[in-house]
$ cat structure00.cif   # mmCIF, C-alpha atoms and all ligand atoms
data_protein
#
loop_
_atom_site.label_atom_id
_atom_site.label_comp_id
_atom_site.auth_asym_id
_atom_site.auth_seq_id
_atom_site.Cartn_x
_atom_site.Cartn_y
_atom_site.Cartn_z
CA MET A 1 0.00 0.00 0.00
CA GLU A 2 1.89 3.04 -1.30
CA GLY A 3 0.66 6.52 -0.43
CA GLY A 4 -2.68 5.18 0.73
CA VAL A 5 -3.58 3.77 -2.69
CA VAL A 6 -5.83 0.71 -2.65
CA VAL A 7 -3.92 -1.80 -4.71
CA ASN A 8 -5.80 -3.90 -7.24
CA VAL A 9 -9.08 -2.06 -7.25
CA ILE A 10 -11.80 -4.02 -9.07
CA ASP A 11 -14.28 -1.84 -10.94
CA ALA A 12 -17.27 -4.00 -11.86
CA HIS A 13 -19.00 -1.48 -14.10
CA MET A 14 -17.08 0.30 -16.84
CA HIS A 15 -17.99 0.86 -20.50
CA MET A 16 -14.48 0.74 -21.89
CA VAL A 17 -15.53 0.57 -25.54
CA SER A 18 -16.19 4.30 -25.22
CA ARG A 19 -12.87 5.11 -23.49
CA THR A 20 -9.40 5.83 -24.81
CA THR A 21 -6.08 4.08 -24.43
CA ASP A 22 -5.01 6.97 -22.17
CA ASP A 23 -7.77 5.90 -19.78
CA TYR A 24 -6.39 2.35 -19.71
CA ARG A 25 -2.91 3.70 -19.10
CA LEU A 26 -4.06 5.90 -16.19
CA MET A 27 -6.18 3.14 -14.67
CA ALA A 28 -3.36 0.60 -14.72
CA ALA A 29 -0.90 3.08 -13.23
CA ALA A 30 -3.37 3.94 -10.46
CA GLY A 31 -4.03 0.29 -9.56
CA ILE A 32 -7.31 -0.41 -11.38
CA ARG A 33 -6.28 -3.59 -13.16
CA THR A 34 -9.39 -5.74 -13.11
CA ILE A 35 -12.64 -4.48 -14.57
CA THR A 36 -15.93 -5.80 -15.86
CA GLU A 37 -17.94 -4.28 -18.68
CA PRO A 38 -21.69 -4.86 -18.86
CA ALA A 39 -23.37 -4.78 -22.25
CA PHE A 40 -25.44 -1.62 -22.53
CA TRP A 41 -26.81 1.07 -24.77
CA ALA A 42 -24.28 3.01 -26.83
CA GLY A 43 -25.84 6.46 -26.63
CA PHE A 44 -27.83 5.47 -29.74
CA ASP A 45 -30.01 2.48 -30.66
CA ARG A 46 -28.16 -0.35 -32.39
CA GLY A 47 -31.46 -1.33 -33.94
CA SER A 48 -30.60 -4.71 -35.48
CA ALA A 49 -29.57 -8.15 -34.30
CA GLN A 50 -26.51 -7.94 -36.52
CA ALA A 51 -25.39 -4.74 -34.79
CA PHE A 52 -25.72 -6.48 -31.40
CA ARG A 53 -23.57 -9.32 -32.67
CA GLY A 54 -20.92 -6.81 -33.66
CA TYR A 55 -21.04 -5.24 -30.18
CA PHE A 56 -20.84 -8.63 -28.44
CA GLU A 57 -17.84 -9.56 -30.60
CA GLN A 58 -16.20 -6.29 -29.59
CA LEU A 59 -16.88 -6.99 -25.89
CA THR A 60 -15.69 -10.58 -25.94
CA VAL A 61 -12.81 -10.51 -28.43
CA TYR A 62 -11.40 -7.06 -29.13
CA GLU A 63 -11.79 -5.19 -25.83
CA PRO A 64 -10.07 -7.83 -23.61
CA LYS A 65 -7.10 -7.70 -26.01
CA ARG A 66 -7.03 -3.90 -25.97
CA ALA A 67 -7.16 -3.89 -22.14
CA ALA A 68 -4.43 -6.52 -21.84
CA GLN A 69 -2.00 -4.28 -23.74
CA PHE A 70 -2.13 -1.97 -20.72
CA GLY A 71 -2.08 -4.67 -18.05
CA VAL A 72 -5.82 -4.50 -17.36
CA ARG A 73 -7.86 -7.71 -17.11
CA HIS A 74 -11.20 -7.22 -18.85
CA TYR A 75 -14.36 -9.25 -18.23
CA THR A 76 -17.80 -8.64 -19.66
CA TRP A 77 -21.54 -9.35 -19.33
CA MET A 78 -24.09 -10.06 -22.06
CA CYS A 79 -27.67 -8.88 -22.65
CA LEU A 80 -29.94 -6.69 -24.69
CA ASN A 81 -30.08 -3.50 -22.64
CA PRO A 82 -33.37 -2.13 -21.23
CA LYS A 83 -33.16 1.05 -23.30
CA GLU A 84 -33.65 -1.03 -26.45
CA ALA A 85 -36.21 -3.45 -25.01
CA GLU A 86 -39.30 -1.86 -26.54
CA ASP A 87 -38.89 -3.85 -29.76
CA LEU A 88 -39.87 -7.35 -28.63
CA LYS A 89 -39.05 -8.95 -31.98
CA LEU A 90 -35.50 -7.59 -31.87
CA ALA A 91 -35.18 -8.66 -28.22
CA GLU A 92 -36.15 -12.25 -29.09
CA GLU A 93 -33.67 -12.32 -31.96
CA VAL A 94 -30.87 -11.18 -29.65
CA LEU A 95 -31.93 -13.52 -26.80
CA ALA A 96 -31.75 -16.43 -29.25
CA PHE A 97 -28.00 -16.03 -29.78
CA LEU A 98 -27.02 -14.73 -26.33
CA PRO A 99 -26.06 -18.23 -25.03
CA GLU A 100 -23.38 -18.44 -27.71
CA TYR A 101 -21.74 -15.36 -26.17
CA LEU A 102 -22.44 -16.33 -22.53
CA ASP A 103 -20.28 -19.40 -23.18
CA ARG A 104 -17.23 -17.29 -23.99
CA PRO A 105 -14.34 -17.35 -21.50
CA THR A 106 -14.44 -13.74 -20.24
CA VAL A 107 -18.24 -13.45 -19.91
CA LEU A 108 -19.28 -13.49 -16.24
CA GLY A 109 -23.05 -13.50 -16.61
CA VAL A 110 -26.16 -11.65 -17.78
CA GLY A 111 -26.07 -7.85 -17.58
CA GLU A 112 -26.73 -5.06 -17.34
CA ILE A 113 -30.39 -5.97 -17.45
CA GLY A 114 -33.17 -4.04 -15.75
CA LEU A 115 -35.58 -1.26 -16.51
CA ASN A 116 -35.25 2.20 -17.97
CA LYS A 117 -38.75 3.69 -18.13
CA ASN A 118 -40.41 0.82 -16.26
CA SER A 119 -42.55 -0.02 -19.30
CA LYS A 120 -44.46 -3.24 -19.96
CA ASN A 121 -42.17 -4.38 -22.77
CA GLU A 122 -39.07 -3.64 -20.72
CA LEU A 123 -40.46 -5.88 -17.99
CA VAL A 124 -41.15 -8.69 -20.48
CA VAL A 125 -37.57 -8.52 -21.76
CA LEU A 126 -36.20 -8.34 -18.20
CA GLU A 127 -38.12 -11.51 -17.29
CA ARG A 128 -36.78 -13.31 -20.37
CA HIS A 129 -33.21 -12.45 -19.33
CA ILE A 130 -33.85 -13.57 -15.74
CA GLU A 131 -35.18 -16.88 -17.05
CA LEU A 132 -32.10 -17.32 -19.24
CA ALA A 133 -29.80 -16.56 -16.28
CA ALA A 134 -31.71 -19.06 -14.12
CA ASP A 135 -31.54 -21.77 -16.81
CA ARG A 136 -27.78 -21.37 -17.00
CA ASP A 137 -27.08 -20.45 -13.35
CA GLU A 138 -25.45 -17.19 -14.41
CA LEU A 139 -24.55 -14.19 -12.24
CA ILE A 140 -26.70 -11.12 -12.92
CA LEU A 141 -25.75 -7.44 -13.07
CA VAL A 142 -28.72 -5.05 -12.92
CA HIS A 143 -29.23 -1.52 -14.24
CA THR A 144 -31.81 0.50 -12.29
CA PRO A 145 -33.53 3.56 -13.77
CA HIS A 146 -32.18 6.98 -12.95
CA LEU A 147 -33.98 9.90 -11.33
CA GLU A 148 -37.64 9.79 -10.33
CA ASP A 149 -38.31 6.25 -11.60
CA LYS A 150 -35.48 4.71 -9.58
CA LEU A 151 -37.28 3.50 -6.46
CA LYS A 152 -40.29 2.13 -8.32
CA GLY A 153 -38.11 0.52 -10.99
CA THR A 154 -35.72 -0.99 -8.44
CA ARG A 155 -38.65 -2.58 -6.61
CA MET A 156 -40.15 -3.91 -9.87
CA ILE A 157 -36.78 -5.47 -10.77
CA MET A 158 -36.36 -7.07 -7.33
CA ASP A 159 -39.92 -8.43 -7.52
CA ALA A 160 -39.17 -9.94 -10.94
CA LEU A 161 -35.98 -11.53 -9.61
CA GLU A 162 -37.79 -12.92 -6.58
CA ASN A 163 -40.54 -14.34 -8.82
CA GLU A 164 -37.95 -16.71 -10.29
CA PRO A 165 -37.26 -19.19 -7.47
CA ARG A 166 -33.99 -20.39 -9.01
CA ILE A 167 -32.37 -16.93 -8.66
CA ARG A 168 -30.36 -16.49 -5.46
CA PRO A 169 -30.08 -12.84 -4.41
CA GLU A 170 -26.41 -13.16 -3.41
CA ARG A 171 -25.67 -13.83 -7.10
CA VAL A 172 -27.21 -10.52 -8.25
CA LEU A 173 -25.53 -7.09 -8.16
CA ILE A 174 -28.05 -4.24 -8.39
CA ASP A 175 -26.26 -1.19 -9.69
CA HIS A 176 -26.95 2.54 -9.65
CA ALA A 177 -28.18 2.20 -6.06
CA GLU A 178 -28.60 5.45 -4.12
CA GLU A 179 -29.57 6.53 -0.62
CA HIS A 180 -33.25 5.72 -1.12
CA THR A 181 -32.73 2.28 -2.67
CA ALA A 182 -29.56 0.80 -1.11
CA GLY A 183 -31.22 -0.19 2.19
CA GLU A 184 -34.01 -2.17 0.55
CA ILE A 185 -31.63 -3.83 -1.94
CA LEU A 186 -29.43 -5.04 0.92
CA ASP A 187 -32.39 -6.04 3.12
CA ARG A 188 -33.69 -8.26 0.33
CA GLY A 189 -30.32 -10.04 0.15
CA PHE A 190 -28.92 -8.59 -3.09
CA TRP A 191 -25.59 -6.83 -3.62
CA ALA A 192 -25.77 -3.04 -4.02
CA GLY A 193 -23.51 -1.19 -6.46
CA LEU A 194 -22.99 2.57 -6.26
CA THR A 195 -22.17 4.16 -9.62
CA LEU A 196 -20.05 7.27 -9.17
CA TYR A 197 -20.30 10.24 -11.52
CA PRO A 198 -18.44 13.58 -11.42
CA VAL A 199 -21.46 15.91 -11.63
CA SER A 200 -24.75 14.01 -11.79
CA LYS A 201 -26.10 11.10 -9.76
CA CYS A 202 -23.93 9.59 -7.02
CA SER A 203 -20.74 11.54 -6.21
CA PRO A 204 -17.74 10.03 -4.37
CA ALA A 205 -18.85 11.89 -1.22
CA ARG A 206 -22.36 10.44 -1.46
CA GLY A 207 -20.83 6.99 -2.01
CA ALA A 208 -18.88 7.37 1.24
CA ASP A 209 -22.06 8.59 3.00
CA ILE A 210 -23.96 5.50 1.84
CA VAL A 211 -21.28 3.12 3.16
CA GLU A 212 -21.35 4.98 6.48
CA ARG A 213 -25.11 4.65 6.65
CA PHE A 214 -25.62 1.10 5.40
CA GLY A 215 -22.30 -0.60 6.25
CA ASP A 216 -19.76 -2.34 4.05
CA GLU A 217 -21.37 -5.77 3.56
CA ARG A 218 -22.47 -6.67 -0.02
CA ILE A 219 -21.76 -3.15 -1.24
CA CYS A 220 -19.33 -1.96 -3.91
CA MET A 221 -18.60 1.17 -5.90
CA ASN A 222 -17.84 1.61 -9.57
CA SER A 223 -17.26 4.36 -12.07
CA ALA A 224 -19.64 3.49 -14.95
CA ALA A 225 -16.97 5.12 -17.16
CA ASP A 226 -19.14 5.44 -20.22
CA TRP A 227 -19.48 7.82 -23.19
CA GLY A 228 -21.01 10.58 -21.05
CA ASP A 229 -19.46 12.76 -18.37
CA SER A 230 -17.82 10.10 -16.22
CA ASP A 231 -14.47 9.36 -14.62
CA PRO A 232 -12.64 6.01 -14.90
CA LEU A 233 -10.72 6.88 -11.71
CA ALA A 234 -13.87 7.69 -9.68
CA THR A 235 -13.42 4.64 -7.44
CA LEU A 236 -10.05 5.98 -6.29
CA LYS A 237 -11.62 9.35 -5.51
CA ALA A 238 -14.27 7.69 -3.37
CA ALA A 239 -11.55 5.65 -1.64
CA ASP A 240 -9.69 8.90 -0.91
CA GLU A 241 -12.87 10.44 0.44
CA MET A 242 -13.28 7.50 2.84
CA ARG A 243 -9.62 7.83 3.81
CA ARG A 244 -10.05 11.57 4.54
CA ARG A 245 -12.97 10.70 6.80
CA GLY A 246 -10.76 8.33 8.79
CA HIS A 247 -12.01 4.94 7.60
CA PRO A 248 -9.38 2.22 8.13
CA GLU A 249 -7.51 0.90 5.09
CA ALA A 250 -8.94 -2.57 5.67
CA ARG A 251 -12.46 -1.22 5.18
CA ILE A 252 -11.45 0.71 2.07
CA GLU A 253 -9.78 -2.39 0.66
CA LYS A 254 -12.95 -4.37 1.36
CA VAL A 255 -15.28 -1.97 -0.47
CA PHE A 256 -13.08 -1.44 -3.54
CA ALA A 257 -11.41 -4.84 -3.92
CA GLY A 258 -12.57 -7.53 -1.48
CA ASN A 259 -16.29 -7.09 -2.03
CA PRO A 260 -16.29 -7.00 -5.83
CA ARG A 261 -13.89 -9.96 -5.82
CA ALA A 262 -16.23 -11.92 -3.51
CA PHE A 263 -19.23 -11.22 -5.74
CA LEU A 264 -17.50 -11.87 -9.06
CA SER A 265 -15.68 -15.00 -7.81
CA GLN A 266 -19.04 -16.74 -7.68
CA CYS A 267 -18.48 -17.15 -11.41
CA PRO A 268 -15.72 -19.75 -11.93
CA LYS A 269 -14.44 -17.86 -14.99
CA PHE A 270 -13.36 -14.92 -12.78
CA LYS A 271 -9.67 -15.24 -11.94
CA GLY A 272 -8.98 -12.24 -9.74
ZN ZN B 1 -23.69 0.78 -17.38
#
$ encode --input "structure00.cif" --output "structure tokens" --more "lines below"
Ligand SMILES: [Zn+2]
Amino acid sequence: MEGGVVVNVIDAHMHMVSRTTDDYRLMAAAGIRTITEPAFWAGFDRGSAQAFRGYFEQLTVYEPKRAAQFGVRHYTWMCLNPKEAEDLKLAEEVLAFLPEYLDRPTVLGVGEIGLNKNSKNELVVLERHIELAADRDELILVHTPHLEDKLKGTRMIMDALENEPRIRPERVLIDHAEEHTAGEILDRGFWAGLTLYPVSKCSPARGADIVERFGDERICMNSAADWGDSDPLATLKAADEMRRRGHPEARIEKVFAGNPRAFLSQCPKFKG
């Protein structure tokens, strides 16, 4: 532990396809050397099954190679994201070939599934993904809606997960948790992920507040690091915030490395 840096931070939620090689270089130098990238929206609709195949190839073949050049181990998750779930025909086409990608060596499970506007079709597509994860005993990474729909959407997602008796909550990470959802997520036995952003949503200071309020069991923080205003080093900033507040290094190490490792290690493909 040099200069209070948490070594080997694991960031379970980064969208590296929209980041630069400079980001990889900075992350590796700062100690973020293991990351996982959920499949998500790209800032625009892909709109065709063929385009999803291209994205899944990028996530499973090209991006791990790009990351490895900088000493970063890259894992990924597969799904059709909730922002493109209104088109049920497209969703079925993508679901039909998802198992082919779930079998690949760096794919840890199904994600990031969930809801965006809490619509009926989004719920249908969410349930289809939950069923697929249950059939294959996959880990699940969940996207919860932002802003005013968050609490309602988070509850709808947890209800859908609990409606499938084969899903065990300790194998599900519910991301984009905030002050008003983290308690219920943890009470219902799921993992809670806090997604840190520089200006909107959960800041590093709010992340530290949430750990102080709800404890450090089954909770982790990540940077989202997507195409919008986001920061691939946000986890380190939250760790520094906890350090400034006097949290012991062991607790910081647990939130930023031990906890994500414990969750992700439930998938035998995860090697550290
Ligand atoms: Zn995401």
$ residues_near_ligand --input "structure00.cif" --ligand "ligand ZN 1 (chain B)" --cutoff "10 Å" --atoms "only C-alpha atoms and all ligand atoms" --output "compact mmCIF listing (two decimals) with C-alpha atoms, keeping the file's coordinate frame"
# COMPACT_ATOMS: atom_id res chain seq x y z
CA ALA A 12 -17.27 -4.00 -11.86
CA HIS A 13 -19.00 -1.48 -14.10
CA MET A 14 -17.08 0.30 -16.84
CA HIS A 15 -17.99 0.86 -20.50
CA GLU A 37 -17.94 -4.28 -18.68
CA PRO A 38 -21.69 -4.86 -18.86
CA ALA A 39 -23.37 -4.78 -22.25
CA PHE A 40 -25.44 -1.62 -22.53
CA TRP A 41 -26.81 1.07 -24.77
CA ALA A 42 -24.28 3.01 -26.83
CA ASN A 81 -30.08 -3.50 -22.64
CA GLY A 111 -26.07 -7.85 -17.58
CA GLU A 112 -26.73 -5.06 -17.34
CA ILE A 113 -30.39 -5.97 -17.45
CA LEU A 141 -25.75 -7.44 -13.07
CA VAL A 142 -28.72 -5.05 -12.92
CA HIS A 143 -29.23 -1.52 -14.24
CA THR A 144 -31.81 0.50 -12.29
CA ASP A 175 -26.26 -1.19 -9.69
CA HIS A 176 -26.95 2.54 -9.65
CA THR A 195 -22.17 4.16 -9.62
CA ASN A 222 -17.84 1.61 -9.57
CA SER A 223 -17.26 4.36 -12.07
CA ALA A 224 -19.64 3.49 -14.95
CA ALA A 225 -16.97 5.12 -17.16
CA ASP A 226 -19.14 5.44 -20.22
$ residues_near_point --input "structure00.cif" --point "(-32.9, -12.3, -13.8)" --cutoff "10 Å" --atoms "only C-alpha atoms" --output "PyMOL selection string"
chain A and resi 110-111+113-114+125-134+138-142+157-158+160-164+166-169+171-172
$ residues_around --input "structure00.cif" --residues "range 100-103 of chain A" --least-positions-apart "6" --cutoff "12 Å" --atoms "only C-alpha atoms" --output "NGL selection string"
:A and (39 or 52-61 or 75-79 or 94 or 109-111 or 129 or 132-133 or 136-140 or 267 or 269)
$ write_last_selection --input "structure00.cif" --atoms "C-alpha atoms" --output "PDB file, in the frame of the given file"
ATOM      1  CA  ALA A  39     -23.370  -4.780 -22.250  1.00  0.00           C
ATOM      2  CA  PHE A  52     -25.720  -6.480 -31.400  1.00  0.00           C
ATOM      3  CA  ARG A  53     -23.570  -9.320 -32.670  1.00  0.00           C
ATOM      4  CA  GLY A  54     -20.920  -6.810 -33.660  1.00  0.00           C
ATOM      5  CA  TYR A  55     -21.040  -5.240 -30.180  1.00  0.00           C
ATOM      6  CA  PHE A  56     -20.840  -8.630 -28.440  1.00  0.00           C
ATOM      7  CA  GLU A  57     -17.840  -9.560 -30.600  1.00  0.00           C
ATOM      8  CA  GLN A  58     -16.200  -6.290 -29.590  1.00  0.00           C
ATOM      9  CA  LEU A  59     -16.880  -6.990 -25.890  1.00  0.00           C
ATOM     10  CA  THR A  60     -15.690 -10.580 -25.940  1.00  0.00           C
ATOM     11  CA  VAL A  61     -12.810 -10.510 -28.430  1.00  0.00           C
ATOM     12  CA  TYR A  75     -14.360  -9.250 -18.230  1.00  0.00           C
ATOM     13  CA  THR A  76     -17.800  -8.640 -19.660  1.00  0.00           C
ATOM     14  CA  TRP A  77     -21.540  -9.350 -19.330  1.00  0.00           C
ATOM     15  CA  MET A  78     -24.090 -10.060 -22.060  1.00  0.00           C
ATOM     16  CA  CYS A  79     -27.670  -8.880 -22.650  1.00  0.00           C
ATOM     17  CA  VAL A  94     -30.870 -11.180 -29.650  1.00  0.00           C
ATOM     18  CA  GLY A 109     -23.050 -13.500 -16.610  1.00  0.00           C
ATOM     19  CA  VAL A 110     -26.160 -11.650 -17.780  1.00  0.00           C
ATOM     20  CA  GLY A 111     -26.070  -7.850 -17.580  1.00  0.00           C
ATOM     21  CA  HIS A 129     -33.210 -12.450 -19.330  1.00  0.00           C
ATOM     22  CA  LEU A 132     -32.100 -17.320 -19.240  1.00  0.00           C
ATOM     23  CA  ALA A 133     -29.800 -16.560 -16.280  1.00  0.00           C
ATOM     24  CA  ARG A 136     -27.780 -21.370 -17.000  1.00  0.00           C
ATOM     25  CA  ASP A 137     -27.080 -20.450 -13.350  1.00  0.00           C
ATOM     26  CA  GLU A 138     -25.450 -17.190 -14.410  1.00  0.00           C
ATOM     27  CA  LEU A 139     -24.550 -14.190 -12.240  1.00  0.00           C
ATOM     28  CA  ILE A 140     -26.700 -11.120 -12.920  1.00  0.00           C
ATOM     29  CA  CYS A 267     -18.480 -17.150 -11.410  1.00  0.00           C
ATOM     30  CA  LYS A 269     -14.440 -17.860 -14.990  1.00  0.00           C
TER      31      LYS A 269
END
$ atom_distance --input "structure00.cif" --atom1 "CA of Pro99 in chain A" --atom2 "CA of Gly47 in chain A"
19.9 Å
$ residues_around --input "structure00.cif" --residues "Asn259 in chain A" --least-positions-apart "5" --cutoff "12 Å" --atoms "all atoms listed in the file" --output "PyMOL selection string"
chain A and resi 9-12+170+173+191-193+216-222+250-254+264-266+272
$ residues_around --input "structure00.cif" --residues "Ser203 in chain A" --least-positions-apart "2" --cutoff "12 Å" --atoms "only C-alpha atoms" --output "ChimeraX atom specification"
/A:176-179,194-201,205-210,221-224,230-231,234-235,237-239,241
$ atom_distance --input "structure00.cif" --atom1 "CA of Glu93 in chain A" --atom2 "CA of Leu108 in chain A"
21.3 Å
$ residues_around --input "structure00.cif" --residues "range 118-124 of chain A" --least-positions-apart "3" --cutoff "8 Å" --atoms "all atoms listed in the file" --output "PyMOL selection string"
chain A and resi 82-83+85-88+114-115+127-128+145+149+153+156
$ atom_distance --input "structure00.cif" --atom1 "CA of Ala257 in chain A" --atom2 "CA of Glu184 in chain A"
23.2 Å
$ residues_around --input "structure00.cif" --residues "range 67-74 of chain A" --least-positions-apart "5" --cutoff "6 Å" --atoms "all atoms listed in the file" --output "NGL selection string"
:A and (25 or 33-36)
$ write_last_selection --input "structure00.cif" --atoms "C-alpha atoms" --output "tab-separated table (two decimals), keeping the file's coordinate frame"
chain	number	residue	atom	x	y	z
A	25	ARG	CA	-2.91	3.70	-19.10
A	33	ARG	CA	-6.28	-3.59	-13.16
A	34	THR	CA	-9.39	-5.74	-13.11
A	35	ILE	CA	-12.64	-4.48	-14.57
A	36	THR	CA	-15.93	-5.80	-15.86
$ closest_residue --input "structure00.cif" --among "A:Arg261, A:His180, A:Arg155, A:Phe214" --to "Cys202 in chain A" --atoms "only C-alpha atoms"
A:His180
$ closest_residue --input "structure00.cif" --among "A:Gly215, A:Pro105, A:Pro165, A:Pro232" --to "Ile32 in chain A" --atoms "only C-alpha atoms"
A:Pro232
$ closest_residue --input "structure00.cif" --among "A:Leu151, A:Asp159, A:Glu63, A:Ala30" --to "Gly183 in chain A" --atoms "all atoms listed in the file"
A:Leu151
$ axis_aligned_box --input "structure00.cif" --around "range 126-137 of chain A" --padding-each-side "4 Å" --output "JSON"
{"center_x": -32.6, "center_y": -15.1, "center_z": -16.9, "size_x": 19.0, "size_y": 21.4, "size_z": 15.0}
$ closest_residue --input "structure00.cif" --among "A:Ala182, A:Leu236, A:Ala49, A:Ala262" --to "Met27 in chain A" --atoms "all atoms listed in the file"
A:Leu236
$ residues_near_point --input "structure00.cif" --point "(-23.4, 9.7, -25.1)" --cutoff "6 Å" --atoms "only C-alpha atoms" --output "CSV table (one decimal) with C-alpha atoms, in the coordinates of the input"
chain,number,residue,atom,x,y,z
A,43,GLY,CA,-25.8,6.5,-26.6
A,227,TRP,CA,-19.5,7.8,-23.2
A,228,GLY,CA,-21.0,10.6,-21.0
